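Engineer: Provided herewith: entry_29.json, JSON, C-alpha atoms.
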[["chain", "number", "residue", "atom", "x", "y", "z"],
["A", 1, "MET", "CA", 45.71, 249.57, -136.86],
["A", 2, "GLY", "CA", 48.31, 251.00, -139.13],
["A", 3, "THR", "CA", 50.66, 248.03, -138.96],
["A", 4, "THR", "CA", 50.75, 245.86, -142.03],
["A", 5, "TYR", "CA", 51.60, 242.23, -141.75],
["A", 6, "GLN", "CA", 52.74, 239.69, -144.29],
["A", 7, "VAL", "CA", 49.63, 237.51, -144.04],
["A", 8, "ASP", "CA", 50.01, 233.85, -144.99],
["A", 9, "LYS", "CA", 46.42, 232.78, -144.36],
["A", 10, "SER", "CA", 43.10, 234.63, -144.23],
["A", 11, "ILE", "CA", 40.09, 233.19, -142.45],
["A", 12, "ASP", "CA", 36.59, 234.56, -142.79],
["A", 13, "ALA", "CA", 34.53, 233.48, -139.77],
["A", 14, "ARG", "CA", 32.01, 236.29, -140.05],
["A", 15, "GLY", "CA", 28.48, 235.15, -139.16],
["A", 16, "GLN", "CA", 29.77, 232.10, -137.31],
["A", 17, "MET", "CA", 28.96, 231.54, -133.66],
["A", 18, "CYS", "CA", 30.97, 230.02, -130.84],
["A", 19, "PRO", "CA", 32.92, 227.77, -131.09],
["A", 20, "MET", "CA", 33.31, 227.91, -134.88],
["A", 21, "PRO", "CA", 35.75, 230.86, -135.18],
["A", 22, "VAL", "CA", 38.18, 229.14, -132.81],
["A", 23, "LEU", "CA", 37.82, 225.83, -134.65],
["A", 24, "ALA", "CA", 38.48, 227.55, -137.98],
["A", 25, "LEU", "CA", 41.54, 229.22, -136.49],
["A", 26, "ALA", "CA", 42.90, 225.96, -135.06],
["A", 27, "LYS", "CA", 42.44, 224.18, -138.38],
["A", 28, "ALA", "CA", 44.14, 226.98, -140.31],
["A", 29, "PHE", "CA", 47.08, 227.02, -137.89],
["A", 30, "ARG", "CA", 47.70, 223.34, -138.53],
["A", 31, "GLU", "CA", 48.76, 224.23, -142.06],
["A", 32, "LEU", "CA", 50.98, 227.15, -141.07],
["A", 33, "ALA", "CA", 54.70, 226.98, -140.39],
["A", 34, "SER", "CA", 56.33, 228.57, -137.37],
["A", 35, "GLY", "CA", 56.48, 232.36, -137.71],
["A", 36, "GLN", "CA", 53.72, 232.55, -140.31],
["A", 37, "ILE", "CA", 50.82, 234.90, -139.79],
["A", 38, "ALA", "CA", 47.08, 234.40, -140.13],
["A", 39, "VAL", "CA", 44.29, 236.94, -140.06],
["A", 40, "ILE", "CA", 40.77, 236.04, -138.97],
["A", 41, "SER", "CA", 37.66, 238.17, -139.13],
["A", 42, "ALA", "CA", 34.66, 237.32, -136.97],
["A", 43, "THR", "CA", 31.38, 238.87, -135.90],
["A", 44, "ASP", "CA", 30.85, 236.70, -132.81],
["A", 45, "PRO", "CA", 31.39, 239.09, -129.86],
["A", 46, "GLY", "CA", 32.54, 236.09, -127.81],
["A", 47, "SER", "CA", 35.61, 235.91, -130.02],
["A", 48, "LYS", "CA", 36.99, 238.95, -128.19],
["A", 49, "ALA", "CA", 37.61, 236.72, -125.19],
["A", 50, "ASP", "CA", 37.95, 233.37, -126.95],
["A", 51, "ILE", "CA", 40.65, 234.16, -129.49],
["A", 52, "PRO", "CA", 43.08, 235.72, -126.97],
["A", 53, "ALA", "CA", 42.39, 232.71, -124.69],
["A", 54, "TRP", "CA", 43.07, 230.30, -127.55],
["A", 55, "ALA", "CA", 46.32, 232.10, -128.36],
["A", 56, "GLU", "CA", 47.45, 231.99, -124.75],
["A", 57, "LYS", "CA", 46.65, 228.31, -124.34],
["A", 58, "THR", "CA", 48.25, 227.23, -127.60],
["A", 59, "GLY", "CA", 51.31, 229.46, -127.17],
["A", 60, "ASN", "CA", 50.70, 231.38, -130.38],
["A", 61, "THR", "CA", 50.95, 235.16, -130.45],
["A", 62, "LEU", "CA", 48.05, 237.52, -130.87],
["A", 63, "LEU", "CA", 49.72, 240.40, -132.69],
["A", 64, "GLU", "CA", 46.79, 242.72, -132.97],
["A", 65, "MET", "CA", 43.03, 242.89, -132.59],
["A", 66, "SER", "CA", 40.69, 245.56, -133.83],
["A", 67, "GLU", "CA", 37.00, 246.20, -134.32],
["A", 68, "GLU", "CA", 35.25, 247.98, -137.11],
["A", 69, "ASN", "CA", 31.49, 248.07, -137.72],
["A", 70, "GLY", "CA", 30.92, 244.97, -135.60],
["A", 71, "VAL", "CA", 33.63, 242.97, -137.35],
["A", 72, "PHE", "CA", 36.54, 241.87, -135.21],
["A", 73, "THR", "CA", 39.90, 241.33, -136.88],
["A", 74, "TYR", "CA", 42.73, 239.39, -135.28],
["A", 75, "TYR", "CA", 46.29, 238.95, -136.50],
["A", 76, "LEU", "CA", 48.04, 235.90, -135.05],
["A", 77, "LYS", "CA", 51.51, 234.49, -135.44],
["A", 78, "LYS", "CA", 52.29, 230.80, -135.16],
["A", 79, "ALA", "CA", 54.79, 229.94, -132.46],
["B", 1, "MET", "CA", 91.10, 228.32, -76.90],
["B", 2, "VAL", "CA", 88.99, 231.33, -76.15],
["B", 3, "LEU", "CA", 88.47, 233.84, -78.86],
["B", 4, "ASP", "CA", 88.55, 237.41, -77.85],
["B", 5, "THR", "CA", 85.64, 239.04, -79.68],
["B", 6, "THR", "CA", 85.96, 242.31, -77.93],
["B", 7, "GLY", "CA", 89.43, 243.08, -79.24],
["B", 8, "GLY", "CA", 89.86, 245.48, -82.07],
["B", 9, "VAL", "CA", 91.12, 242.84, -84.54],
["B", 10, "ALA", "CA", 87.92, 242.40, -86.57],
["B", 11, "PRO", "CA", 87.50, 245.03, -89.31],
["B", 12, "ALA", "CA", 84.65, 247.45, -88.64],
["B", 13, "ILE", "CA", 81.57, 246.81, -90.83],
["B", 14, "THR", "CA", 80.68, 249.94, -92.66],
["B", 15, "PRO", "CA", 77.05, 250.53, -93.76],
["B", 16, "GLU", "CA", 78.20, 249.99, -97.37],
["B", 17, "THR", "CA", 79.70, 246.59, -96.55],
["B", 18, "GLU", "CA", 76.59, 245.59, -94.65],
["B", 19, "GLU", "CA", 74.37, 246.59, -97.56],
["B", 20, "LEU", "CA", 76.58, 244.58, -99.93],
["B", 21, "LEU", "CA", 76.47, 241.54, -97.63],
["B", 22, "ARG", "CA", 72.69, 241.71, -97.32],
["B", 23, "SER", "CA", 72.12, 241.93, -101.08],
["B", 24, "ARG", "CA", 74.54, 239.04, -101.67],
["B", 25, "ILE", "CA", 72.78, 236.88, -99.06],
["B", 26, "ASP", "CA", 69.38, 237.75, -100.58],
["B", 27, "ALA", "CA", 70.62, 236.79, -104.04],
["B", 28, "LEU", "CA", 71.97, 233.46, -102.75],
["B", 29, "ALA", "CA", 68.74, 232.76, -100.85],
["B", 30, "ILE", "CA", 66.60, 233.44, -103.93],
["B", 31, "GLU", "CA", 68.85, 231.24, -106.07],
["B", 32, "ARG", "CA", 68.54, 228.38, -103.57],
["B", 33, "LEU", "CA", 64.78, 228.89, -103.26],
["B", 34, "ASP", "CA", 64.40, 228.70, -107.02],
["B", 35, "GLN", "CA", 66.31, 225.41, -106.96],
["B", 36, "ILE", "CA", 64.09, 223.99, -104.22],
["B", 37, "VAL", "CA", 60.90, 225.07, -105.99],
["B", 38, "ALA", "CA", 62.09, 223.57, -109.29],
["B", 39, "GLU", "CA", 62.88, 220.27, -107.55],
["B", 40, "ARG", "CA", 59.49, 220.19, -105.83],
["B", 41, "VAL", "CA", 57.65, 220.98, -109.08],
["B", 42, "ALA", "CA", 59.59, 218.26, -110.92],
["B", 43, "ALA", "CA", 58.67, 215.76, -108.20],
["B", 44, "ALA", "CA", 54.99, 216.81, -108.30],
["B", 45, "MET", "CA", 54.91, 216.54, -112.09],
["B", 46, "LYS", "CA", 56.00, 212.91, -111.77],
["B", 47, "LYS", "CA", 53.01, 212.19, -109.58],
["B", 48, "ASP", "CA", 50.64, 214.25, -111.74],
["B", 49, "PRO", "CA", 51.88, 214.64, -115.32],
["B", 50, "ALA", "CA", 49.58, 217.68, -115.78],
["B", 51, "LYS", "CA", 48.47, 216.37, -119.11],
["B", 52, "ASN", "CA", 46.29, 218.50, -121.30],
["B", 53, "LYS", "CA", 43.31, 216.23, -121.11],
["B", 54, "VAL", "CA", 39.60, 216.97, -120.96],
["B", 55, "ALA", "CA", 37.17, 214.23, -119.98],
["B", 56, "ILE", "CA", 33.48, 214.82, -120.60],
["B", 57, "ILE", "CA", 30.50, 212.61, -119.78],
["B", 58, "ALA", "CA", 27.49, 213.27, -122.03],
["B", 59, "SER", "CA", 24.41, 211.81, -120.38],
["B", 60, "LYS", "CA", 21.51, 213.70, -121.94],
["B", 61, "GLY", "CA", 19.64, 213.04, -125.15],
["B", 62, "THR", "CA", 17.98, 216.37, -125.82],
["B", 63, "LEU", "CA", 18.71, 219.09, -128.37],
["B", 64, "ASP", "CA", 19.69, 221.66, -125.76],
["B", 65, "MET", "CA", 21.89, 219.36, -123.70],
["B", 66, "ALA", "CA", 23.79, 217.93, -126.67],
["B", 67, "TYR", "CA", 25.40, 221.31, -127.37],
["B", 68, "PRO", "CA", 27.52, 221.85, -124.24],
["B", 69, "PRO", "CA", 29.60, 218.64, -124.48],
["B", 70, "LEU", "CA", 30.21, 219.09, -128.21],
["B", 71, "ILE", "CA", 31.01, 222.80, -128.02],
["B", 72, "LEU", "CA", 33.43, 222.30, -125.14],
["B", 73, "ALA", "CA", 35.00, 219.19, -126.66],
["B", 74, "SER", "CA", 35.62, 220.82, -130.04],
["B", 75, "ALA", "CA", 36.94, 224.03, -128.47],
["B", 76, "ALA", "CA", 39.25, 222.07, -126.15],
["B", 77, "ALA", "CA", 40.55, 220.02, -129.09],
["B", 78, "ALA", "CA", 41.14, 223.27, -131.00],
["B", 79, "MET", "CA", 43.19, 224.46, -128.04],
["B", 80, "GLY", "CA", 45.44, 221.45, -128.33],
["B", 81, "GLU", "CA", 43.89, 219.34, -125.58],
["B", 82, "GLU", "CA", 43.36, 215.62, -125.76],
["B", 83, "VAL", "CA", 39.61, 215.15, -125.40],
["B", 84, "GLU", "CA", 37.36, 212.21, -124.73],
["B", 85, "ILE", "CA", 33.57, 212.22, -124.54],
["B", 86, "PHE", "CA", 31.98, 209.28, -122.79],
["B", 87, "PHE", "CA", 28.39, 208.80, -123.95],
["B", 88, "THR", "CA", 26.16, 207.21, -121.37],
["B", 89, "PHE", "CA", 22.42, 206.51, -121.18],
["B", 90, "TYR", "CA", 20.42, 209.09, -123.15],
["B", 91, "GLY", "CA", 23.69, 210.62, -124.30],
["B", 92, "LEU", "CA", 24.04, 207.61, -126.62],
["B", 93, "GLU", "CA", 21.38, 209.23, -128.82],
["B", 94, "MET", "CA", 24.08, 211.69, -129.87],
["B", 95, "VAL", "CA", 26.21, 208.99, -131.46],
["B", 96, "LYS", "CA", 23.47, 206.85, -133.00],
["B", 97, "LYS", "CA", 23.64, 206.75, -136.79],
["B", 98, "GLY", "CA", 21.57, 209.73, -137.95],
["B", 99, "GLY", "CA", 20.47, 210.26, -134.37],
["B", 100, "ILE", "CA", 21.91, 213.61, -133.52],
["B", 101, "GLU", "CA", 19.86, 215.49, -136.11],
["B", 102, "HIS", "CA", 16.67, 214.20, -134.51],
["B", 103, "LEU", "CA", 17.24, 215.30, -130.93],
["B", 104, "LYS", "CA", 14.38, 217.32, -129.50],
["B", 105, "VAL", "CA", 13.73, 219.81, -126.76],
["B", 106, "ALA", "CA", 10.68, 219.20, -124.55],
["B", 107, "PRO", "CA", 8.50, 222.11, -123.46],
["B", 108, "VAL", "CA", 7.08, 220.21, -120.45],
["B", 109, "ALA", "CA", 8.73, 221.03, -117.13],
["B", 110, "ASN", "CA", 10.99, 223.45, -118.95],
["B", 111, "PRO", "CA", 10.24, 226.94, -117.63],
["B", 112, "ALA", "CA", 13.33, 228.37, -119.32],
["B", 113, "MET", "CA", 12.07, 228.00, -122.91],
["B", 114, "PRO", "CA", 12.64, 231.31, -124.76],
["B", 115, "VAL", "CA", 8.87, 231.42, -125.29],
["B", 116, "PRO", "CA", 7.40, 229.88, -122.12],
["B", 117, "ILE", "CA", 4.82, 227.17, -122.81],
["B", 118, "PRO", "CA", 2.48, 226.20, -119.94],
["B", 119, "ASN", "CA", 2.91, 222.55, -118.95],
["B", 120, "ILE", "CA", -0.71, 221.73, -119.67],
["B", 121, "ILE", "CA", -0.27, 222.86, -123.28],
["B", 122, "GLY", "CA", 3.21, 221.36, -123.55],
["B", 123, "MET", "CA", 1.68, 217.96, -122.76],
["B", 124, "LEU", "CA", -0.45, 217.96, -125.92],
["B", 125, "PRO", "CA", 0.64, 215.67, -128.77],
["B", 126, "GLY", "CA", 2.93, 217.44, -131.22],
["B", 127, "MET", "CA", 4.14, 220.06, -128.77],
["B", 128, "THR", "CA", 7.65, 218.61, -128.44],
["B", 129, "PRO", "CA", 8.29, 218.62, -132.22],
["B", 130, "MET", "CA", 6.81, 222.11, -132.35],
["B", 131, "ALA", "CA", 9.04, 223.41, -129.56],
["B", 132, "THR", "CA", 12.02, 221.78, -131.30],
["B", 133, "TRP", "CA", 11.14, 223.35, -134.61],
["B", 134, "MET", "CA", 10.74, 226.72, -132.91],
["B", 135, "MET", "CA", 14.09, 226.40, -131.17],
["B", 136, "LYS", "CA", 15.88, 225.41, -134.36],
["B", 137, "SER", "CA", 14.27, 227.83, -136.79],
["B", 138, "GLN", "CA", 13.54, 230.84, -134.61],
["B", 139, "PHE", "CA", 16.57, 230.85, -132.35],
["B", 140, "PHE", "CA", 19.43, 228.67, -133.56],
["B", 141, "ALA", "CA", 19.12, 229.40, -137.29],
["B", 142, "LYS", "CA", 18.67, 233.13, -136.74],
["B", 143, "HIS", "CA", 21.84, 233.27, -134.68],
["B", 144, "ASN", "CA", 23.83, 230.97, -136.97],
["B", 145, "VAL", "CA", 24.27, 228.31, -134.31],
["B", 146, "VAL", "CA", 26.02, 225.40, -135.98],
["B", 147, "PRO", "CA", 23.81, 222.29, -136.40],
["B", 148, "LEU", "CA", 24.63, 219.38, -134.07],
["B", 149, "ASP", "CA", 25.66, 216.96, -136.84],
["B", 150, "GLN", "CA", 28.20, 219.49, -138.10],
["B", 151, "LEU", "CA", 29.50, 220.11, -134.59],
["B", 152, "LEU", "CA", 29.90, 216.36, -134.00],
["B", 153, "GLN", "CA", 31.82, 216.12, -137.29],
["B", 154, "GLU", "CA", 34.07, 218.98, -136.15],
["B", 155, "CYS", "CA", 34.83, 217.02, -132.97],
["B", 156, "ILE", "CA", 35.73, 213.95, -135.04],
["B", 157, "ASP", "CA", 37.91, 216.00, -137.41],
["B", 158, "LEU", "CA", 39.76, 217.57, -134.47],
["B", 159, "GLY", "CA", 40.50, 214.14, -133.02],
["B", 160, "VAL", "CA", 38.06, 214.05, -130.11],
["B", 161, "LYS", "CA", 37.79, 210.46, -128.90],
["B", 162, "LEU", "CA", 34.21, 209.24, -128.65],
["B", 163, "THR", "CA", 33.44, 206.37, -126.31],
["B", 164, "ALA", "CA", 30.05, 204.72, -125.88],
["B", 165, "CYS", "CA", 29.15, 203.17, -122.55],
["B", 166, "GLN", "CA", 28.80, 199.41, -123.01],
["B", 167, "MET", "CA", 26.46, 198.98, -120.05],
["B", 168, "SER", "CA", 24.06, 201.67, -121.26],
["B", 169, "MET", "CA", 24.05, 200.07, -124.72],
["B", 170, "ASP", "CA", 23.09, 196.71, -123.21],
["B", 171, "VAL", "CA", 20.38, 198.21, -121.00],
["B", 172, "MET", "CA", 18.88, 200.24, -123.84],
["B", 173, "GLY", "CA", 19.21, 197.53, -126.47],
["B", 174, "ILE", "CA", 21.61, 199.53, -128.64],
["B", 175, "LYS", "CA", 23.96, 197.49, -130.83],
["B", 176, "ARG", "CA", 27.40, 198.45, -132.11],
["B", 177, "GLU", "CA", 26.05, 198.79, -135.64],
["B", 178, "ASP", "CA", 23.44, 201.29, -134.44],
["B", 179, "LEU", "CA", 26.25, 203.72, -133.56],
["B", 180, "ILE", "CA", 28.45, 205.79, -135.86],
["B", 181, "ASP", "CA", 31.74, 204.15, -136.89],
["B", 182, "GLU", "CA", 33.95, 206.69, -135.08],
["B", 183, "VAL", "CA", 32.70, 205.56, -131.67],
["B", 184, "GLU", "CA", 34.65, 203.14, -129.53],
["B", 185, "ILE", "CA", 33.07, 201.04, -126.83],
["B", 186, "GLY", "CA", 34.18, 201.18, -123.23],
["B", 187, "GLY", "CA", 33.14, 201.02, -119.62],
["B", 188, "ALA", "CA", 33.54, 202.92, -116.38],
["B", 189, "ALA", "CA", 37.18, 201.88, -116.03],
["B", 190, "THR", "CA", 37.98, 203.20, -119.53],
["B", 191, "MET", "CA", 36.45, 206.55, -118.69],
["B", 192, "LEU", "CA", 38.08, 206.80, -115.28],
["B", 193, "THR", "CA", 41.53, 205.84, -116.55],
["B", 194, "PHE", "CA", 41.39, 208.75, -118.95],
["B", 195, "ALA", "CA", 39.75, 211.12, -116.45],
["B", 196, "ASN", "CA", 42.41, 210.31, -113.87],
["B", 197, "GLU", "CA", 44.92, 212.32, -115.86],
["B", 198, "ALA", "CA", 42.51, 215.00, -117.03],
["B", 199, "HIS", "CA", 42.55, 218.42, -115.44],
["B", 200, "VAL", "CA", 39.06, 219.15, -116.71],
["B", 201, "THR", "CA", 36.31, 216.63, -116.05],
["B", 202, "LEU", "CA", 32.71, 217.49, -116.78],
["B", 203, "PHE", "CA", 29.45, 215.66, -116.28],
["B", 204, "ILE", "CA", 26.78, 217.01, -118.58]]
Could you express the structure from this file as structure tokens?

Structural biologist:
Amino acid sequence: MGTTYQVDKSIDARGQMCPMPVLALAKAFRELASGQIAVISATDPGSKADIPAWAEKTGNTLLEMSEENGVFTYYLKKA
Amino acid sequence: MVLDTTGGVAPAITPETEELLRSRIDALAIERLDQIVAERVAAAMKKDPAKNKVAIIASKGTLDMAYPPLILASAAAAMGEEVEIFFTFYGLEMVKKGGIEHLKVAPVANPAMPVPIPNIIGMLPGMTPMATWMMKSQFFAKHNVVPLDQLLQECIDLGVKLTACQMSMDVMGIKREDLIDEVEIGGAATMLTFANEAHVTLFI
């Protein structure tokens, strides 16, 4: 952590199970313009693998991921 | 004319010159190789367009087996893939109007139930609804697993194409109006035409 991003969209997927965090992310990204940044928080441990995989497949950039008290936070930039 | 190769006319190749020659030849070889590979890939892509397609056959009509096709379809659609689910036989239950909420899990011949139920007890009337209730309330709800109707709606919202098998509908006496509006009707050829270009094909 330590880096601060200009966040354009925040998604709260805490408490949601697979595949809902990824679906929420995909839907949110539809409304973003290229270069904009979204932050998503999730408690599903599967998101640790799924969100980087989603970013790789869709060509978007995972800027940063962190974990605190069982909550995973991901910053992603739209390609 | 005979060339004299033993005469002292050719300049002597110093180790530096040789090294330079080798690196230049390597560079040219790599450049040419890259060209060849690019041509081959372009030719292969014409044969197989490598489309981002996922073709799924959903053939089961139980609570547990309705999840995998819908989870994978919605996730694939979220990843930008073009997805089609082909509903055949019992899988048609998933796209019947109001049908997906009523799918059940049977305890008989199912040794993997979270709480194992002996077959002889599982056979008793009311055990299938009970096992279903237990699965939904004790396991799915506790772990925030999304209900099937919501997951199906997610698939629709993300543009997953839903196709019902015409032949199964005829055999099972299911009419068009029994199915949700978002479903299209098709046959084996419809499914295979789509699957032919899909890099992921699943039978569930």

Engineer: Between CA of Ala38 in chain B and CA of Lys53 in chain B, what is the distance in Å, rounded to a tenth?

Structural biologist: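 About the pair CA of Ala38 in chain B and CA of Lys53 in chain B: they are 23.4 Å apart.
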
Engineer: Which one is closest to Met17 in chain A: A:Ser47, A:Pro52, A:Thr4, A:Ala38? Count only C-alpha atoms.

Structural biologist: A:Ser47

Engineer: Near Glu84 in chain B, within 7 Å and counting only C-alpha atoms, which residues show up once chain neighbours fewer than 4 positions away are dropped, as a list in words?

Structural biologist: Val54, Ala55, Ile56, Val160, Lys161 and Leu162 of chain B

Engineer: Given all atoms listed in the file as the basis, pick out the residue of A:Gly46, A:Gly59, A:Gly35, A:Pro19 nearest to chain B.

Structural biologist: A:Pro19

Engineer: Adding 5 Å on each side of the box along x, y and z that holds all listed atoms of range 45-57 of chain A, could you give its centre and edge lengths in Å to one decimal, as AutoDock Vina command-line options?

Structural biologist:
--center_x 39.4 --center_y 233.7 --center_z -127.2 --size_x 26.1 --size_y 20.8 --size_z 15.7

Engineer: Quote the spacing between CA of Ile204 in chain B and CA of Leu72 in chain B in Å to one decimal place.

Structural biologist: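 So the answer is 10.7 Å.
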
Engineer: Considering only C-alpha atoms, return as a ChimeraX atom specification whatever protein or nucleic-acid residues lie within 10 Å of Ala13 in chain A, sequence-local ones (same chain, fewer than 2 positions apart) excluded.

Structural biologist: /A:10-11,15-17,20-25,40-44,71-73

Engineer: One number please: CA of Gln6 in chain A to CA of Ser34 in chain A, in Å, one decimal.

Structural biologist: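 Pair CA of Gln6 in chain A / CA of Ser34 in chain A returns 13.6 Å.
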
Engineer: Let me make sure I understand: among B:Ala164, B:Leu103, B:Met79, B:Leu33, which one has the smallest atom-to-atom distance to Glu56 in chain A if we use only C-alpha atoms?

Structural biologist: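 Nearest candidate to Glu56 in chain A out of B:Ala164, B:Leu103, B:Met79, B:Leu33: B:Met79.
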
Engineer: Please identify every residue of chain B that has at least one atom no farther than 9 Å from an atom of chain A, counting only C-alpha atoms, and for each give the shortest atom pair and the distance in Å to one decimal, arranged by chain then increasing number, as JSON lines.

Structural biologist:
{"residue": "B:Ile71", "atom": "CA", "partner": "A:Pro19", "partner_atom": "CA", "distance": 6.1}
{"residue": "B:Leu72", "atom": "CA", "partner": "A:Pro19", "partner_atom": "CA", "distance": 8.1}
{"residue": "B:Ser74", "atom": "CA", "partner": "A:Leu23", "partner_atom": "CA", "distance": 7.2}
{"residue": "B:Ala75", "atom": "CA", "partner": "A:Pro19", "partner_atom": "CA", "distance": 6.1}
{"residue": "B:Ala77", "atom": "CA", "partner": "A:Leu23", "partner_atom": "CA", "distance": 8.5}
{"residue": "B:Ala78", "atom": "CA", "partner": "A:Ala26", "partner_atom": "CA", "distance": 5.2}
{"residue": "B:Met79", "atom": "CA", "partner": "A:Thr58", "partner_atom": "CA", "distance": 5.8}
{"residue": "B:Gly80", "atom": "CA", "partner": "A:Thr58", "partner_atom": "CA", "distance": 6.5}
{"residue": "B:His143", "atom": "CA", "partner": "A:Met17", "partner_atom": "CA", "distance": 7.4}
{"residue": "B:Asn144", "atom": "CA", "partner": "A:Gln16", "partner_atom": "CA", "distance": 6.1}
{"residue": "B:Val145", "atom": "CA", "partner": "A:Met17", "partner_atom": "CA", "distance": 5.7}
{"residue": "B:Val146", "atom": "CA", "partner": "A:Met17", "partner_atom": "CA", "distance": 7.2}
{"residue": "B:Leu151", "atom": "CA", "partner": "A:Met20", "partner_atom": "CA", "distance": 8.7}
{"residue": "B:Glu154", "atom": "CA", "partner": "A:Leu23", "partner_atom": "CA", "distance": 8.0}
{"residue": "B:Leu158", "atom": "CA", "partner": "A:Lys27", "partner_atom": "CA", "distance": 8.1}

Engineer: Give me the residues within 12 Å of range 87-99 of chain B as a PyMOL selection string, counting only C-alpha atoms and dropping any in the same chain fewer than 5 places off.

Structural biologist: chain B and resi 55-70+104+148-153+155-156+161-188+190-191+203-204
